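S.K.: File query-v5.cif below, mmCIF, C-alpha atoms:
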data_data
loop_
_atom_site.label_atom_id
_atom_site.label_comp_id
_atom_site.auth_asym_id
_atom_site.auth_seq_id
_atom_site.Cartn_x
_atom_site.Cartn_y
_atom_site.Cartn_z
CA MET A 1148 -26.85 10.05 -0.03
CA LYS A 1149 -25.82 12.34 -2.87
CA LYS A 1150 -22.18 11.88 -1.87
CA HIS A 1151 -22.51 8.09 -1.97
CA LEU A 1152 -24.14 8.28 -5.35
CA LYS A 1153 -21.21 10.35 -6.63
CA ASN A 1154 -18.67 7.94 -5.09
CA TYR A 1155 -20.28 4.98 -6.76
CA MET A 1156 -20.96 6.70 -10.06
CA TRP A 1157 -18.39 4.59 -11.96
CA VAL A 1158 -19.62 1.40 -10.34
CA ILE A 1159 -23.21 2.21 -11.33
CA LEU A 1160 -22.19 3.10 -14.88
CA PHE A 1161 -20.22 -0.13 -15.09
CA VAL A 1162 -23.20 -2.21 -13.93
CA ILE A 1163 -25.41 -0.52 -16.55
CA PHE A 1164 -22.73 -1.10 -19.20
CA SER A 1165 -22.39 -4.79 -18.25
CA VAL A 1166 -26.13 -5.46 -18.16
CA GLY A 1167 -26.50 -3.62 -21.47
CA SER A 1168 -23.67 -5.65 -23.02
CA TYR A 1169 -25.38 -8.83 -21.89
CA PHE A 1170 -28.68 -7.94 -23.53
CA VAL A 1171 -27.31 -6.75 -26.85
CA GLY A 1172 -24.56 -9.39 -26.89
CA PHE A 1173 -21.71 -6.84 -27.00
CA LYS A 1174 -18.64 -9.13 -26.85
CA PRO A 1175 -16.00 -6.66 -25.55
CA GLY A 1176 -18.40 -5.67 -22.76
CA LEU A 1177 -18.79 -9.29 -21.74
CA VAL A 1178 -15.03 -9.90 -21.72
CA ILE A 1179 -14.49 -6.79 -19.59
CA TYR A 1180 -17.21 -7.93 -17.21
CA SER A 1181 -15.69 -11.38 -16.86
CA ASN A 1182 -12.30 -9.75 -16.10
CA PHE A 1183 -13.97 -7.66 -13.44
CA ASN A 1184 -15.86 -10.60 -12.01
CA GLU A 1185 -12.64 -12.53 -11.51
CA PHE A 1186 -11.00 -9.59 -9.72
CA PHE A 1187 -14.07 -8.97 -7.62
CA ILE A 1188 -14.32 -12.56 -6.38
CA GLU A 1189 -10.63 -12.51 -5.57
CA MET A 1190 -11.05 -9.33 -3.56
CA ILE A 1191 -14.20 -10.26 -1.71
CA SER A 1192 -12.60 -13.56 -0.66
CA PHE A 1193 -10.27 -11.93 1.84
CA ILE A 1194 -10.60 -8.13 2.11
CA PRO A 1195 -13.54 -8.14 4.57
CA PHE A 1196 -11.61 -10.45 6.92
CA LEU A 1197 -8.61 -8.18 6.69
CA PHE A 1198 -10.59 -5.17 7.82
CA ILE A 1199 -11.98 -7.00 10.83
CA ILE A 1200 -8.39 -7.70 11.90
CA ILE A 1201 -7.39 -4.06 11.28
CA GLY A 1202 -10.32 -2.83 13.37
CA LEU A 1203 -9.35 -5.13 16.24
CA PHE A 1204 -5.73 -3.93 16.06
CA ASP A 1205 -6.94 -0.38 16.26
CA VAL A 1206 -8.81 -0.88 19.52
CA TRP A 1207 -6.26 -3.11 21.21
CA LEU A 1208 -3.14 -1.11 20.38
CA PRO A 1209 -3.85 2.60 20.75
CA LYS A 1210 -1.32 4.63 18.76
CA GLU A 1211 -0.96 7.35 21.43
CA MET A 1212 0.68 4.79 23.71
CA LEU A 1213 3.49 4.25 21.23
CA GLU A 1214 4.10 7.88 20.36
CA LYS A 1215 5.47 8.61 23.83
CA HIS A 1216 8.58 6.49 23.41
CA ILE A 1217 10.26 7.58 20.19
CA GLY A 1218 12.38 10.56 21.30
CA ARG A 1219 15.95 11.52 20.50
CA GLU A 1220 17.58 9.18 23.02
CA SER A 1221 15.32 6.26 22.20
CA GLY A 1222 17.90 4.12 20.29
CA ALA A 1223 16.91 0.72 18.98
CA LYS A 1224 13.74 0.66 21.03
CA GLY A 1225 12.67 3.95 19.44
CA ILE A 1226 13.27 2.55 15.95
CA PHE A 1227 11.25 -0.52 16.81
CA LEU A 1228 8.35 1.53 18.19
CA VAL A 1229 8.32 4.01 15.34
CA ILE A 1230 8.10 1.12 12.86
CA LEU A 1231 5.31 -0.48 14.89
CA LEU A 1232 3.47 2.85 14.96
CA ALA A 1233 3.78 3.21 11.18
CA MET A 1234 2.55 -0.34 10.64
CA LEU A 1235 -0.73 0.49 12.36
CA GLN A 1236 -1.54 3.34 9.97
CA ALA A 1237 -3.40 3.32 6.69
CA GLY A 1238 -3.58 5.51 3.61
CA PRO A 1239 -1.25 7.04 1.03
CA LEU A 1240 2.20 8.42 1.80
CA TYR A 1241 1.18 12.08 1.70
CA GLY A 1242 -1.13 11.29 4.62
CA ALA A 1243 2.01 10.53 6.63
CA PHE A 1244 3.55 14.00 6.21
CA PRO A 1245 1.29 15.66 8.79
CA VAL A 1246 2.05 12.77 11.14
CA ALA A 1247 5.77 13.41 10.58
CA TYR A 1248 5.18 16.99 11.73
CA ILE A 1249 3.43 15.78 14.88
CA LEU A 1250 6.22 13.26 15.58
CA ASP A 1251 8.78 16.05 15.18
CA LYS A 1252 6.82 18.26 17.57
CA LYS A 1253 6.70 15.44 20.09
CA GLY A 1254 10.49 15.22 20.00
CA ALA A 1255 11.14 12.27 17.68
CA SER A 1256 14.67 12.14 16.27
CA VAL A 1257 15.26 13.02 12.61
CA ARG A 1258 16.20 9.46 11.74
CA ASN A 1259 13.09 8.12 13.46
CA ILE A 1260 10.91 10.51 11.46
CA PHE A 1261 12.33 9.23 8.18
CA ILE A 1262 12.28 5.62 9.36
CA TYR A 1263 8.62 6.25 10.13
CA LEU A 1264 8.04 7.39 6.55
CA GLY A 1265 9.87 4.33 5.23
CA ALA A 1266 7.87 1.94 7.37
CA PHE A 1267 4.68 3.81 6.56
CA SER A 1268 5.23 3.43 2.85
CA SER A 1269 6.22 -0.21 2.86
CA MET A 1270 5.04 -2.02 6.00
CA LYS A 1271 1.53 -0.85 6.84
CA LEU A 1272 -0.39 -3.86 8.13
CA PRO A 1273 -3.50 -3.37 5.98
CA MET A 1274 -1.21 -3.16 2.97
CA LEU A 1275 0.79 -6.24 3.94
CA GLY A 1276 -2.48 -8.14 4.26
CA ILE A 1277 -3.54 -7.15 0.76
CA GLU A 1278 -0.04 -7.87 -0.53
CA ILE A 1279 -0.19 -11.41 0.88
CA GLY A 1280 -3.62 -11.87 -0.68
CA TYR A 1281 -2.53 -10.78 -4.14
CA LEU A 1282 1.17 -11.59 -4.42
CA GLY A 1283 1.56 -14.39 -1.91
CA ILE A 1284 3.15 -14.80 1.52
CA LYS A 1285 6.62 -15.54 0.15
CA TYR A 1286 6.73 -12.32 -1.85
CA THR A 1287 5.52 -10.27 1.12
CA ILE A 1288 7.97 -11.74 3.62
CA LEU A 1289 10.94 -11.40 1.27
CA ARG A 1290 10.06 -7.86 0.23
CA THR A 1291 9.56 -6.78 3.84
CA LEU A 1292 12.83 -8.33 4.98
CA ILE A 1293 14.74 -6.62 2.15
CA SER A 1294 12.98 -3.27 2.64
CA LEU A 1295 13.40 -3.08 6.41
CA PRO A 1296 17.20 -2.64 6.61
CA LEU A 1297 17.12 -0.39 3.54
CA PHE A 1298 14.71 2.17 4.95
CA ILE A 1299 16.40 2.14 8.37
CA PHE A 1300 19.63 2.90 6.51
CA VAL A 1301 17.84 5.64 4.54
CA GLY A 1302 16.69 7.12 7.88
CA PHE A 1303 20.28 7.32 9.17
CA LEU A 1304 21.47 8.70 5.83
CA MET A 1305 18.75 11.37 5.87
CA GLU A 1306 19.84 12.47 9.34
CA LYS A 1307 23.38 12.85 7.98
CA ILE A 1308 22.16 14.82 4.96
CA VAL A 1309 19.77 17.25 6.65
CA GLY A 1310 21.41 17.40 10.09
CA SER A 1311 19.95 16.49 13.47
CA ASP A 1312 18.46 19.94 14.06
CA PHE A 1313 16.17 19.52 11.04
CA LYS A 1314 12.57 20.64 11.55
CA VAL A 1315 9.37 19.57 9.81
CA GLU A 1316 7.23 22.57 8.82
CA GLU A 1317 3.60 22.81 9.69
CA VAL A 1318 1.49 23.01 6.54
CA LYS A 1319 -2.04 24.26 6.97
CA ALA A 1320 -4.59 22.74 4.65
CA MET B 643 -5.38 -19.23 -4.80
CA VAL B 644 -8.75 -17.70 -3.96
CA PHE B 645 -9.67 -20.56 -1.69
CA SER B 646 -6.39 -20.57 0.24
CA ASN B 647 -6.66 -16.82 0.82
CA THR B 648 -10.14 -17.17 2.20
CA PHE B 649 -9.02 -20.02 4.40
CA ILE B 650 -5.94 -18.27 5.84
CA PHE B 651 -7.61 -14.92 6.41
CA GLY B 652 -10.81 -16.52 7.66
CA LEU B 653 -8.96 -18.65 10.18
CA LEU B 654 -6.84 -15.75 11.40
CA THR B 655 -9.88 -13.50 11.70
CA GLY B 656 -11.91 -16.16 13.50
CA ILE B 657 -9.21 -16.78 16.10
CA SER B 658 -8.59 -13.03 16.66
CA LEU B 659 -12.30 -12.32 16.97
CA LEU B 660 -12.85 -15.13 19.43
CA LEU B 661 -9.88 -14.08 21.55
CA SER B 662 -10.89 -10.44 21.49
CA PHE B 663 -14.49 -11.30 22.31
CA ILE B 664 -13.49 -13.37 25.35
CA LEU B 665 -11.20 -10.61 26.61
CA ASP B 666 -13.48 -7.63 26.05
CA ARG B 667 -16.86 -7.69 24.41
CA GLU B 668 -17.27 -3.91 24.06
CA LYS B 669 -13.84 -3.35 22.58
CA THR B 670 -14.52 -6.08 20.04
CA VAL B 671 -17.75 -4.45 18.88
CA LEU B 672 -15.95 -1.10 18.62
CA GLY B 673 -13.17 -2.75 16.61
CA LEU B 674 -15.68 -4.33 14.24
CA LYS B 675 -17.33 -0.97 13.71
CA LYS B 676 -14.00 0.71 13.00
CA GLY B 677 -12.96 -2.04 10.60
CA GLY B 678 -16.29 -1.88 8.83
CA LYS B 679 -16.01 1.86 8.43
CA MET B 680 -12.50 1.61 6.99
CA LEU B 681 -13.65 -1.09 4.59
CA PHE B 682 -16.52 1.07 3.45
CA ASN B 683 -14.14 3.99 2.88
CA ILE B 684 -11.87 2.06 0.53
CA LEU B 685 -14.63 0.14 -1.20
CA HIS B 686 -15.42 2.62 -3.95
CA PRO B 687 -11.83 3.50 -4.91
CA PHE B 688 -11.12 -0.22 -4.85
CA LEU B 689 -14.05 -1.07 -7.12
CA ASN B 690 -13.12 1.79 -9.44
CA ILE B 691 -9.59 0.48 -9.84
CA LEU B 692 -10.88 -3.04 -10.52
CA ILE B 693 -13.17 -1.65 -13.23
CA LEU B 694 -10.32 0.34 -14.73
CA ILE B 695 -7.98 -2.67 -14.80
CA SER B 696 -10.72 -4.84 -16.33
CA ILE B 697 -11.15 -2.33 -19.16
CA VAL B 698 -7.44 -1.63 -19.74
CA LEU B 699 -6.67 -5.35 -19.73
CA PHE B 700 -9.12 -5.80 -22.58
CA PHE B 701 -7.22 -3.33 -24.75
CA ILE B 702 -3.65 -4.32 -23.86
CA PRO B 703 -2.61 -7.75 -25.17
CA ASP B 704 -0.48 -10.00 -22.93
CA SER B 705 2.31 -9.99 -25.48
CA LEU B 706 2.81 -6.26 -25.01
CA ILE B 707 3.25 -6.61 -21.25
CA VAL B 708 5.62 -9.55 -21.69
CA HIS B 709 7.63 -7.59 -24.22
CA TYR B 710 8.09 -4.49 -22.09
CA LEU B 711 8.04 -5.92 -18.56
CA GLY B 712 8.83 -9.61 -19.02
CA ALA B 713 11.95 -11.71 -18.50
CA ASN B 714 13.80 -10.30 -21.52
CA SER B 715 13.07 -6.65 -20.83
CA GLY B 716 16.19 -6.24 -18.63
CA TRP B 717 17.08 -2.73 -17.46
CA TYR B 718 14.58 -1.36 -19.91
CA GLY B 719 11.73 -3.01 -17.96
CA PHE B 720 13.23 -1.74 -14.70
CA GLY B 721 13.32 1.76 -16.12
CA ILE B 722 9.70 1.72 -17.25
CA ALA B 723 8.56 0.27 -13.91
CA ALA B 724 10.53 2.83 -11.89
CA PHE B 725 9.35 5.73 -14.02
CA VAL B 726 5.66 4.80 -14.02
CA GLY B 727 5.79 3.82 -10.34
CA SER B 728 7.38 7.13 -9.35
CA ILE B 729 4.87 9.35 -11.11
CA THR B 730 1.64 7.45 -10.50
CA LEU B 731 -0.38 8.14 -7.44
CA ILE B 732 -2.46 5.01 -6.98
CA PRO B 733 -2.61 4.48 -3.21
CA GLY B 734 -0.25 1.59 -2.44
CA PHE B 735 -2.79 -0.88 -1.34
CA ILE B 736 -5.27 -0.58 -4.16
CA SER B 737 -2.55 -1.14 -6.72
CA TYR B 738 -2.02 -4.78 -5.71
CA PRO B 739 -4.65 -6.18 -8.08
CA LEU B 740 -2.73 -4.40 -10.84
CA ALA B 741 0.57 -5.95 -9.69
CA ALA B 742 -0.98 -9.42 -9.58
CA THR B 743 -2.37 -8.89 -13.09
CA LEU B 744 1.02 -7.84 -14.45
CA LEU B 745 2.60 -10.99 -12.97
CA ASN B 746 -0.16 -13.11 -14.45
CA GLU B 747 0.39 -11.59 -17.87
CA GLY B 748 4.10 -12.32 -17.81
CA ALA B 749 5.90 -9.45 -16.06
CA THR B 750 8.82 -10.52 -13.85
CA TYR B 751 8.87 -10.32 -10.04
CA ALA B 752 11.81 -7.94 -10.20
CA VAL B 753 9.92 -5.48 -12.40
CA VAL B 754 6.73 -5.73 -10.34
CA ALA B 755 8.70 -5.18 -7.11
CA VAL B 756 10.34 -2.04 -8.55
CA PHE B 757 6.97 -0.79 -9.77
CA MET B 758 5.21 -1.38 -6.45
CA THR B 759 8.05 -0.06 -4.30
CA THR B 760 8.49 3.17 -6.25
CA MET B 761 4.73 3.60 -6.24
CA MET B 762 4.74 3.39 -2.45
CA MET B 763 7.96 5.20 -1.55
CA VAL B 764 8.61 7.73 -4.33
CA GLY B 765 6.13 10.48 -5.13
CA ILE B 766 6.87 12.92 -7.94
CA VAL B 767 3.30 14.22 -7.99
CA THR B 768 3.33 14.84 -4.26
CA LEU B 769 6.85 16.33 -4.27
CA PRO B 770 5.62 19.96 -4.05
CA LEU B 771 3.60 19.02 -0.97
CA GLU B 772 6.52 17.12 0.50
CA ILE B 773 8.80 20.14 -0.03
CA LYS B 774 6.36 22.25 2.00
CA TYR B 775 6.78 19.90 4.94
CA PHE B 776 10.45 18.94 4.73
CA GLY B 777 12.07 21.60 2.57
CA ARG B 778 13.57 21.10 -0.89
CA LYS B 779 16.77 19.37 0.15
CA ALA B 780 15.22 16.76 2.44
CA ALA B 781 12.30 16.02 0.10
CA ILE B 782 14.50 15.48 -2.95
CA ALA B 783 17.06 13.47 -0.96
CA ARG B 784 14.32 11.22 0.43
CA ASN B 785 12.86 10.54 -3.01
CA VAL B 786 16.24 9.86 -4.63
CA LEU B 787 17.34 7.53 -1.80
CA ASN B 788 14.04 5.67 -1.96
CA LEU B 789 14.30 5.31 -5.72
CA ILE B 790 17.71 3.69 -5.27
CA ALA B 791 16.31 1.50 -2.48
CA ALA B 792 13.43 0.44 -4.75
CA ILE B 793 15.81 -0.67 -7.48
CA ILE B 794 17.89 -2.65 -4.96
CA ILE B 795 14.67 -4.28 -3.70
CA GLY B 796 13.74 -5.14 -7.27
CA ILE B 797 17.12 -6.75 -7.99
CA PHE B 798 16.93 -8.87 -4.82
CA MET B 799 13.31 -9.86 -5.44
CA GLY B 800 14.08 -10.92 -8.99
CA TRP B 801 16.96 -13.00 -7.70
CA LEU B 802 15.07 -14.60 -4.77
CA MET B 803 11.60 -15.28 -6.18
#
Go through the file and emit its structure as structure tokens.

M.R.:
Amino acid sequence: MKKHLKNYMWVILFVIFSVGSYFVGFKPGLVIYSNFNEFFIEMISFIPFLFIIIGLFDVWLPKEMLEKHIGRESGAKGIFLVILLAMLQAGPLYGAFPVAYILDKKGASVRNIFIYLGAFSSMKLPMLGIEIGYLGIKYTILRTLISLPLFIFVGFLMEKIVGSDFKVEEVKA
Amino acid sequence: MVFSNTFIFGLLTGISLLLSFILDREKTVLGLKKGGKMLFNILHPFLNILILISIVLFFIPDSLIVHYLGANSGWYGFGIAAFVGSITLIPGFISYPLAATLLNEGATYAVVAVFMTTMMMVGIVTLPLEIKYFGRKAAIARNVLNLIAAIIIGIFMGWLM
């Protein structure tokens, strides 16, 4: 309970600030609230749906199944699977580093590890959903189609730069 | 805009839910629980960022954004976007409201694409952590290559949108 209270501290303060602004007629407060209200309605109009879809994806496509097929001799199929695996993840890029270590340990090729990072940073499904919601389907499709060959290329380039016997270090938290 | 989003996502969700429910009732419930939990986890950072944007937007006039990130900002706008995007650490998917706001206020698609892409793919703040995992050479190479990729993405997006 205390943790939730701390998490929502800013939200609570903002509600108090908005209600206060309303009662004393503080103009800037009202403008800020109406900004927020617009953003909030926009968000609530599609984000909950998005997370239902993400949850369903999670149960129907277990990630462990994919991890088995991304080894050193995996070729185009390996690239495809590693991108699919990355698309099913969520969270910031630094959350992908420990996964890169696990992929390396499981025998993924160097290029597939870096292609994973590329796909993770630019093609995660939850993120694409939010991107469509905020920037439109055309933007999302174009950006994805331009990014895809670029980060596959970066993966190959990285393998050239660091060599194919490159190892990811384990970092203990 | 708001209505069409609700319609598209609602329709897609409805069809997926129905299909999933017919195929496996238990899995569907589990999926709903997982989705709900993930939603709950991002809710407070998401609300915080919306509050922050609402406040900042009050203080920054549109003209300023247009001047620095708009159609006439050229390479200068690209530079600002790439720099800010590379150092900031807003998780990719809660920065979209910010991107949409910048577009609304007059920033170009090219600049927004550079900003968003560097934000997602280049991490100066997390570089020390990345070096621990990949070593100095690989971490720096990855960030530099992604920065170049981000600028290429920006140029194409500006041209195509």

S.K.: How many Å separate atom CA of Phe1204 of chain A from atom CA of Leu692 of chain B?

M.R.: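 These atoms are spaced 27.1 Å apart.
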
S.K.: Got a sec to check which residues sit within 12 Å of (18.2, -0.6, -3.6), counting all atoms listed in the file, and write them as a PyMOL selection string?

M.R.: (chain A and resi 1290+1293-1298+1300-1301) or (chain B and resi 724+752+755-756+759-760+763+786-799)

S.K.: With C-alpha atoms retained, could you export that selection as a PDB file, in the frame of the given file?

M.R.:
ATOM      1  CA  ARG A1290      10.060  -7.860   0.230  1.00  0.00           C
ATOM      2  CA  ILE A1293      14.740  -6.620   2.150  1.00  0.00           C
ATOM      3  CA  SER A1294      12.980  -3.270   2.640  1.00  0.00           C
ATOM      4  CA  LEU A1295      13.400  -3.080   6.410  1.00  0.00           C
ATOM      5  CA  PRO A1296      17.200  -2.640   6.610  1.00  0.00           C
ATOM      6  CA  LEU A1297      17.120  -0.390   3.540  1.00  0.00           C
ATOM      7  CA  PHE A1298      14.710   2.170   4.950  1.00  0.00           C
ATOM      8  CA  PHE A1300      19.630   2.900   6.510  1.00  0.00           C
ATOM      9  CA  VAL A1301      17.840   5.640   4.540  1.00  0.00           C
TER      10      VAL A1301
ATOM     11  CA  ALA B 724      10.530   2.830 -11.890  1.00  0.00           C
ATOM     12  CA  ALA B 752      11.810  -7.940 -10.200  1.00  0.00           C
ATOM     13  CA  ALA B 755       8.700  -5.180  -7.110  1.00  0.00           C
ATOM     14  CA  VAL B 756      10.340  -2.040  -8.550  1.00  0.00           C
ATOM     15  CA  THR B 759       8.050  -0.060  -4.300  1.00  0.00           C
ATOM     16  CA  THR B 760       8.490   3.170  -6.250  1.00  0.00           C
ATOM     17  CA  MET B 763       7.960   5.200  -1.550  1.00  0.00           C
ATOM     18  CA  VAL B 786      16.240   9.860  -4.630  1.00  0.00           C
ATOM     19  CA  LEU B 787      17.340   7.530  -1.800  1.00  0.00           C
ATOM     20  CA  ASN B 788      14.040   5.670  -1.960  1.00  0.00           C
ATOM     21  CA  LEU B 789      14.300   5.310  -5.720  1.00  0.00           C
ATOM     22  CA  ILE B 790      17.710   3.690  -5.270  1.00  0.00           C
ATOM     23  CA  ALA B 791      16.310   1.500  -2.480  1.00  0.00           C
ATOM     24  CA  ALA B 792      13.430   0.440  -4.750  1.00  0.00           C
ATOM     25  CA  ILE B 793      15.810  -0.670  -7.480  1.00  0.00           C
ATOM     26  CA  ILE B 794      17.890  -2.650  -4.960  1.00  0.00           C
ATOM     27  CA  ILE B 795      14.670  -4.280  -3.700  1.00  0.00           C
ATOM     28  CA  GLY B 796      13.740  -5.140  -7.270  1.00  0.00           C
ATOM     29  CA  ILE B 797      17.120  -6.750  -7.990  1.00  0.00           C
ATOM     30  CA  PHE B 798      16.930  -8.870  -4.820  1.00  0.00           C
ATOM     31  CA  MET B 799      13.310  -9.860  -5.440  1.00  0.00           C
TER      32      MET B 799
END

S.K.: So what does the PyMOL selection byres ((chain A and resi 1184) around 12) actually pick up in this one, as a list in words?

M.R.: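 That selection, the PyMOL selection byres ((chain A and resi 1184) around 12), comes back as Phe1161, Val1162, Ser1165, Leu1177, Val1178, Ile1179, Tyr1180, Ser1181, Asn1182, Phe1183, Glu1185, Phe1186, Phe1187, Ile1188, Glu1189, Met1190 and Ile1191 of chain A; Leu689, Leu692, Ile693, Ile695, Ser696 and Ile697 of chain B.
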
S.K.: So how far away is atom CA of Ala1243 of chain A from atom CA of Pro770 of chain B, in Å?

M.R.: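 Pair atom CA of Pro770 of chain B / atom CA of Ala1243 of chain A returns 14.7 Å.
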
S.K.: Which residues match the PyMOL selection byres ((chain A and resi 1267-1277) around 10) in the file above, as a PDB file with C-alpha atoms, in the coordinates of the input?

M.R.:
ATOM      1  CA  MET A1190     -11.050  -9.330  -3.560  1.00  0.00           C
ATOM      2  CA  PHE A1193     -10.270 -11.930   1.840  1.00  0.00           C
ATOM      3  CA  ILE A1194     -10.600  -8.130   2.110  1.00  0.00           C
ATOM      4  CA  PHE A1196     -11.610 -10.450   6.920  1.00  0.00           C
ATOM      5  CA  LEU A1197      -8.610  -8.180   6.690  1.00  0.00           C
ATOM      6  CA  PHE A1198     -10.590  -5.170   7.820  1.00  0.00           C
ATOM      7  CA  ILE A1200      -8.390  -7.700  11.900  1.00  0.00           C
ATOM      8  CA  ILE A1201      -7.390  -4.060  11.280  1.00  0.00           C
ATOM      9  CA  PHE A1204      -5.730  -3.930  16.060  1.00  0.00           C
ATOM     10  CA  VAL A1229       8.320   4.010  15.340  1.00  0.00           C
ATOM     11  CA  ILE A1230       8.100   1.120  12.860  1.00  0.00           C
ATOM     12  CA  LEU A1231       5.310  -0.480  14.890  1.00  0.00           C
ATOM     13  CA  LEU A1232       3.470   2.850  14.960  1.00  0.00           C
ATOM     14  CA  ALA A1233       3.780   3.210  11.180  1.00  0.00           C
ATOM     15  CA  MET A1234       2.550  -0.340  10.640  1.00  0.00           C
ATOM     16  CA  LEU A1235      -0.730   0.490  12.360  1.00  0.00           C
ATOM     17  CA  GLN A1236      -1.540   3.340   9.970  1.00  0.00           C
ATOM     18  CA  ALA A1237      -3.400   3.320   6.690  1.00  0.00           C
ATOM     19  CA  GLY A1238      -3.580   5.510   3.610  1.00  0.00           C
ATOM     20  CA  PRO A1239      -1.250   7.040   1.030  1.00  0.00           C
ATOM     21  CA  LEU A1240       2.200   8.420   1.800  1.00  0.00           C
ATOM     22  CA  TYR A1241       1.180  12.080   1.700  1.00  0.00           C
ATOM     23  CA  GLY A1242      -1.130  11.290   4.620  1.00  0.00           C
ATOM     24  CA  ALA A1243       2.010  10.530   6.630  1.00  0.00           C
ATOM     25  CA  PHE A1261      12.330   9.230   8.180  1.00  0.00           C
ATOM     26  CA  ILE A1262      12.280   5.620   9.360  1.00  0.00           C
ATOM     27  CA  TYR A1263       8.620   6.250  10.130  1.00  0.00           C
ATOM     28  CA  LEU A1264       8.040   7.390   6.550  1.00  0.00           C
ATOM     29  CA  GLY A1265       9.870   4.330   5.230  1.00  0.00           C
ATOM     30  CA  ALA A1266       7.870   1.940   7.370  1.00  0.00           C
ATOM     31  CA  GLU A1278      -0.040  -7.870  -0.530  1.00  0.00           C
ATOM     32  CA  ILE A1279      -0.190 -11.410   0.880  1.00  0.00           C
ATOM     33  CA  GLY A1280      -3.620 -11.870  -0.680  1.00  0.00           C
ATOM     34  CA  TYR A1281      -2.530 -10.780  -4.140  1.00  0.00           C
ATOM     35  CA  LEU A1282       1.170 -11.590  -4.420  1.00  0.00           C
ATOM     36  CA  GLY A1283       1.560 -14.390  -1.910  1.00  0.00           C
ATOM     37  CA  ILE A1284       3.150 -14.800   1.520  1.00  0.00           C
ATOM     38  CA  THR A1287       5.520 -10.270   1.120  1.00  0.00           C
ATOM     39  CA  ILE A1288       7.970 -11.740   3.620  1.00  0.00           C
ATOM     40  CA  ARG A1290      10.060  -7.860   0.230  1.00  0.00           C
ATOM     41  CA  THR A1291       9.560  -6.780   3.840  1.00  0.00           C
ATOM     42  CA  SER A1294      12.980  -3.270   2.640  1.00  0.00           C
ATOM     43  CA  LEU A1295      13.400  -3.080   6.410  1.00  0.00           C
ATOM     44  CA  PHE A1298      14.710   2.170   4.950  1.00  0.00           C
TER      45      PHE A1298
ATOM     46  CA  PHE B 651      -7.610 -14.920   6.410  1.00  0.00           C
ATOM     47  CA  PRO B 733      -2.610   4.480  -3.210  1.00  0.00           C
ATOM     48  CA  GLY B 734      -0.250   1.590  -2.440  1.00  0.00           C
ATOM     49  CA  PHE B 735      -2.790  -0.880  -1.340  1.00  0.00           C
ATOM     50  CA  ILE B 736      -5.270  -0.580  -4.160  1.00  0.00           C
ATOM     51  CA  SER B 737      -2.550  -1.140  -6.720  1.00  0.00           C
ATOM     52  CA  TYR B 738      -2.020  -4.780  -5.710  1.00  0.00           C
ATOM     53  CA  PRO B 739      -4.650  -6.180  -8.080  1.00  0.00           C
ATOM     54  CA  MET B 758       5.210  -1.380  -6.450  1.00  0.00           C
ATOM     55  CA  THR B 759       8.050  -0.060  -4.300  1.00  0.00           C
ATOM     56  CA  THR B 760       8.490   3.170  -6.250  1.00  0.00           C
ATOM     57  CA  MET B 761       4.730   3.600  -6.240  1.00  0.00           C
ATOM     58  CA  MET B 762       4.740   3.390  -2.450  1.00  0.00           C
ATOM     59  CA  MET B 763       7.960   5.200  -1.550  1.00  0.00           C
ATOM     60  CA  VAL B 764       8.610   7.730  -4.330  1.00  0.00           C
TER      61      VAL B 764
END

S.K.: Excluding Leu1228 of chain A and its own-chain neighbours fewer than 3 positions away, which residues fall within 8 Å of it when counting all atoms listed in the file? Please give them as a PDB file with C-alpha atoms, in the frame of the given file.

M.R.:
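Final output, selection.pdb:
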ATOM      1  CA  LEU A1213       3.490   4.250  21.230  1.00  0.00           C
ATOM      2  CA  GLU A1214       4.100   7.880  20.360  1.00  0.00           C
ATOM      3  CA  HIS A1216       8.580   6.490  23.410  1.00  0.00           C
ATOM      4  CA  ILE A1217      10.260   7.580  20.190  1.00  0.00           C
ATOM      5  CA  LYS A1224      13.740   0.660  21.030  1.00  0.00           C
ATOM      6  CA  GLY A1225      12.670   3.950  19.440  1.00  0.00           C
ATOM      7  CA  LEU A1231       5.310  -0.480  14.890  1.00  0.00           C
ATOM      8  CA  LEU A1232       3.470   2.850  14.960  1.00  0.00           C
TER       9      LEU A1232
END

S.K.: When distances are computed from all atoms listed in the file, which of A:Ala1255, A:Ile1163, A:Leu1203, A:Ile1226 shows the smallest separation from chain B?

M.R.: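 Of all the options, A:Leu1203 lies closest to chain B.
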
S.K.: On this structure, the PyMOL selection byres ((chain A and resi 1154) around 12) would catch which residues? List them as a list in words, sorted by chain and number.

M.R.: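 For this structure, the PyMOL selection byres ((chain A and resi 1154) around 12) captures Met1148, Lys1149, Lys1150, His1151, Leu1152, Lys1153, Tyr1155, Met1156, Trp1157, Val1158, Ile1159 and Leu1160 of chain A; Phe682, Asn683, Ile684, Leu685, His686, Pro687, Phe688, Leu689 and Asn690 of chain B.
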
S.K.: Residues at most 7 Å from Ala749 of chain B, counting all atoms listed in the file, excluding those fewer than 6 positions away in the same chain, as a JSON list (two decimals) with C-alpha atoms, keeping the file's coordinate frame?

M.R.:
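Okay, this is what ended up in result02.json:
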[["chain", "number", "residue", "atom", "x", "y", "z"],
["B", 707, "ILE", "CA", 3.25, -6.61, -21.25],
["B", 708, "VAL", "CA", 5.62, -9.55, -21.69],
["B", 711, "LEU", "CA", 8.04, -5.92, -18.56],
["B", 712, "GLY", "CA", 8.83, -9.61, -19.02],
["B", 713, "ALA", "CA", 11.95, -11.71, -18.50]]

S.K.: Return the single residue from A:Ile1199, A:Leu1208, A:Val1171, A:Ala1247 that is closest to chain B, with distances computed using all atoms listed in the file.

M.R.: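 Closest to chain B, using all atoms listed in the file: A:Ile1199.
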
S.K.: Report the distance between atom CA of Lys676 of chain B and atom CA of Trp1207 of chain A in Å, rounded to one decimal place.

M.R.: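 Value for the atom CA of Lys676 of chain B-atom CA of Trp1207 of chain A distance: 11.9 Å.
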